[in-house]
Structure formats: structure tokens, C-alpha cells
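**Q** My questions all concern the structure below.
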Amino acid sequence: MAGFRIGRGRDNRTPRQQPQRQQQQPYGQQQAAPPPQQPYGQQQWPQAPQYGGQQDEPEYFGDPYQGGRQAPPPHGGQGGDPYANNNPGHTQAFSVNEDPYGDGSTYRGGDTHTNAPPAGPRLRWKQLLSGIVMRPGATFMQMRDYPVWGPALVVTFIYGLLAVFGFDTAREDVINATLSNAIPIVLSTGVAFIICGLVLGAVTHTLARQLGGTGSWQPTIGLSMLIMSITDAPRLLFAMFLGGENALVQVLGWATWVAAGALFTSMVSKSHDLPWPKALGASAIQLIALLSLIKLGTI
């Protein structure tokens, strides 16, 4: 025991025997170890690039988890999917014809899913009748959400009562008939014009819907009945006294028919949010029917 001396605090190993401590590089700056030397004559294949630890690489080649550790989200947000659409290297997908700024308040007439308010308050019957003649565009826009059954039925019925005297043959039959026979003829004509106006207005509304319109059926039919009656009033007034064969009555008949086409187009365009070619196409059947049943009957 005495022959051995135990040194205190000494390491008898030579410096070559001491383990070398590898200096740890800061995180993210560690350099990859050099590849082992291959014997001469053996082919050396290039190693795949190491992503996630290099600083001079493009951001879209980076590892989102950076070597197993998930990077903290920017601005203190919660961690999420690193492959989300808004992260670098990933594309945000959008749908075709998608309006990201739309608030859904666009007017769609007759559509109960929208909360768009009406264009204005309901017009009284005097303002409605004068507005169709004096300012049709603003009147149709304001009344596109309101039914107008009262003025439409009354005006069309009165127009039908007077329309009997616009036809030469029917006027002579009524004048030569007794009072008990003339009254049913006049009343039945008024009812027939109401039914005719309802049917033609329904056809116009259906065609407008088929062409992409979104308007409600009640304002469309009611306003079409008013247009039919009001536009033919000048011709009817002169035909009652001058007869249907008069040249002035014929000119008025064609002029009022063109005016009716313009008003029908404006009404359908405002009520159904359609361009004027489609609005005119939706009114075509009603215009042809008015020309053949009323205008050509006297012209």
C-alpha cells in the first residue's frame, strides 16, 4: 500500500487521451459534419440537401417544424396547421366569381332571403297613375315590392266598359240594344278585360322568371294591367267618337302600342332586375296579344 501514491486532483492521462469536447453551436447555425472519405475508386453520391437548418435557402423550402420543433406562430398567435393556406409556400384558394367583399344586401325583387328594404313608400293611387305616365322609371322602381290590385282591377274594369264603344260593330250593337240587353254586354266586356289582363300579366311574369328575373308576381301583374289600360286610353277616347277606321285613331293606335312596349320593358326591367333586351322579350307575348286583340280590332 505504501508503494503506491495517489495523486490528488491530477489526471495522469496525456492530452491525446483526454476527450475532446465539441463546442455546441447555437441553435439553427449548426454545421453539418463533412461526409466520410470514400476509398479511391468508389463513386461518391451527393447527399440530399438538409432543409430546416440553412439560413441562405428560400423560405418555401424550409421545414415548417424546423428539425422536430414546431416554430412559434407569429404575433403571439396560437399554434395551427403549418400547411395552412396563408403560410409561405402555400397558395390561398378562391372560388370563381366569388365576391369576398359582398355583404348580401343586393336587391333581389321577390326574394324573401334578402333583407333589402323597399325602394320607397307605397304610392297612393293618384300618384301611381300619374307616375306611370310622367315618371315611369322611378314609379316602377318604387312600387316593385307592393301589390297594386285595387287600382289595377278598378282601372282595367272601367277600361273594359268603355272598350265596347271603341269597336264599330260592338258599339252599334250596344246602342241599338235595349237597356236590359246592353248592360250585360258592357259588364261582361269589363270582366273579360280583367281576365285578359290577369292572364297576360301572368305570362309576362313567367317569362321574366324564365329569363332570370327575381321579381314578385303581384306587382308585375298589377302594373302590367295598368300599363295596358292607360296606354290605350288616348286611342279609345278618339275611337268612341270617330270610329276605328279613322286615320287619327289608327296613328294613335300604333303610337300607343309602341309606348306600351317601352313601359312594359321598363317595368319588367325594374321589377325583375333584368337588362332591357330580356325585359322586352318577356313582354313580347303580351304586346303581340294586345296588338291582335285590341289594336288591330279597330285599326
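A note on labels: chains of the C-alpha cells are A, B, ... as shown, every chain counts residues from 1, and ligands are counted from 1 in their shown order.
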What's around range 245-247 of chain A at 12 Å? Count only C-alpha atoms, leave out sequence neighbours fewer than 3 positions away in its own chain, and write the answer as a compact mmCIF listing (two decimals) with C-alpha atoms, in the first residue's frame.
**A**
# COMPACT_ATOMS: atom_id res chain seq x y z
CA GLY A 166 -114.18 51.57 -79.42
CA PHE A 167 -115.20 48.72 -81.72
CA ASP A 168 -117.51 49.80 -84.54
CA THR A 169 -119.65 46.67 -84.60
CA ARG A 235 -106.81 55.77 -78.82
CA LEU A 236 -110.02 54.63 -77.15
CA PHE A 238 -110.99 59.18 -80.12
CA ALA A 239 -112.33 55.82 -81.32
CA MET A 240 -115.51 56.28 -79.30
CA PHE A 241 -116.43 59.36 -81.34
CA LEU A 242 -114.54 58.99 -84.63
CA GLN A 250 -105.04 54.35 -86.44
CA VAL A 251 -101.99 56.56 -85.89
CA LEU A 252 -102.79 56.79 -82.19
CA GLY A 253 -103.19 53.02 -82.06
CA TRP A 254 -99.68 52.36 -83.35
CA LYS A 295 -105.32 47.50 -81.77
CA LEU A 296 -105.96 45.51 -84.92
CA GLY A 297 -109.58 45.04 -83.97
CA THR A 298 -110.19 48.74 -84.57
CA ILE A 299 -107.38 49.54 -86.99
**Q** Mind giving me the straight-line distance from CA of Leu226 in chain A to CA of Phe264 in chain A in Å, one decimal?
**A**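 The value is 10.2 Å.
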**Q** Just how far from CA of Ile183 in chain A is CA of Ala202 in chain A, in Å to one decimal?
**A** 29.0 Å
**Q** Go through range 135-251 of chain A and collect every residue that DSSP, computed from the backbone, puts in helix (DSSP H, G or I); the answer should be as a PyMOL selection string.
**A** chain A and resi 136-142+149-166+168-176+179-210+217-231+233-242+247-251
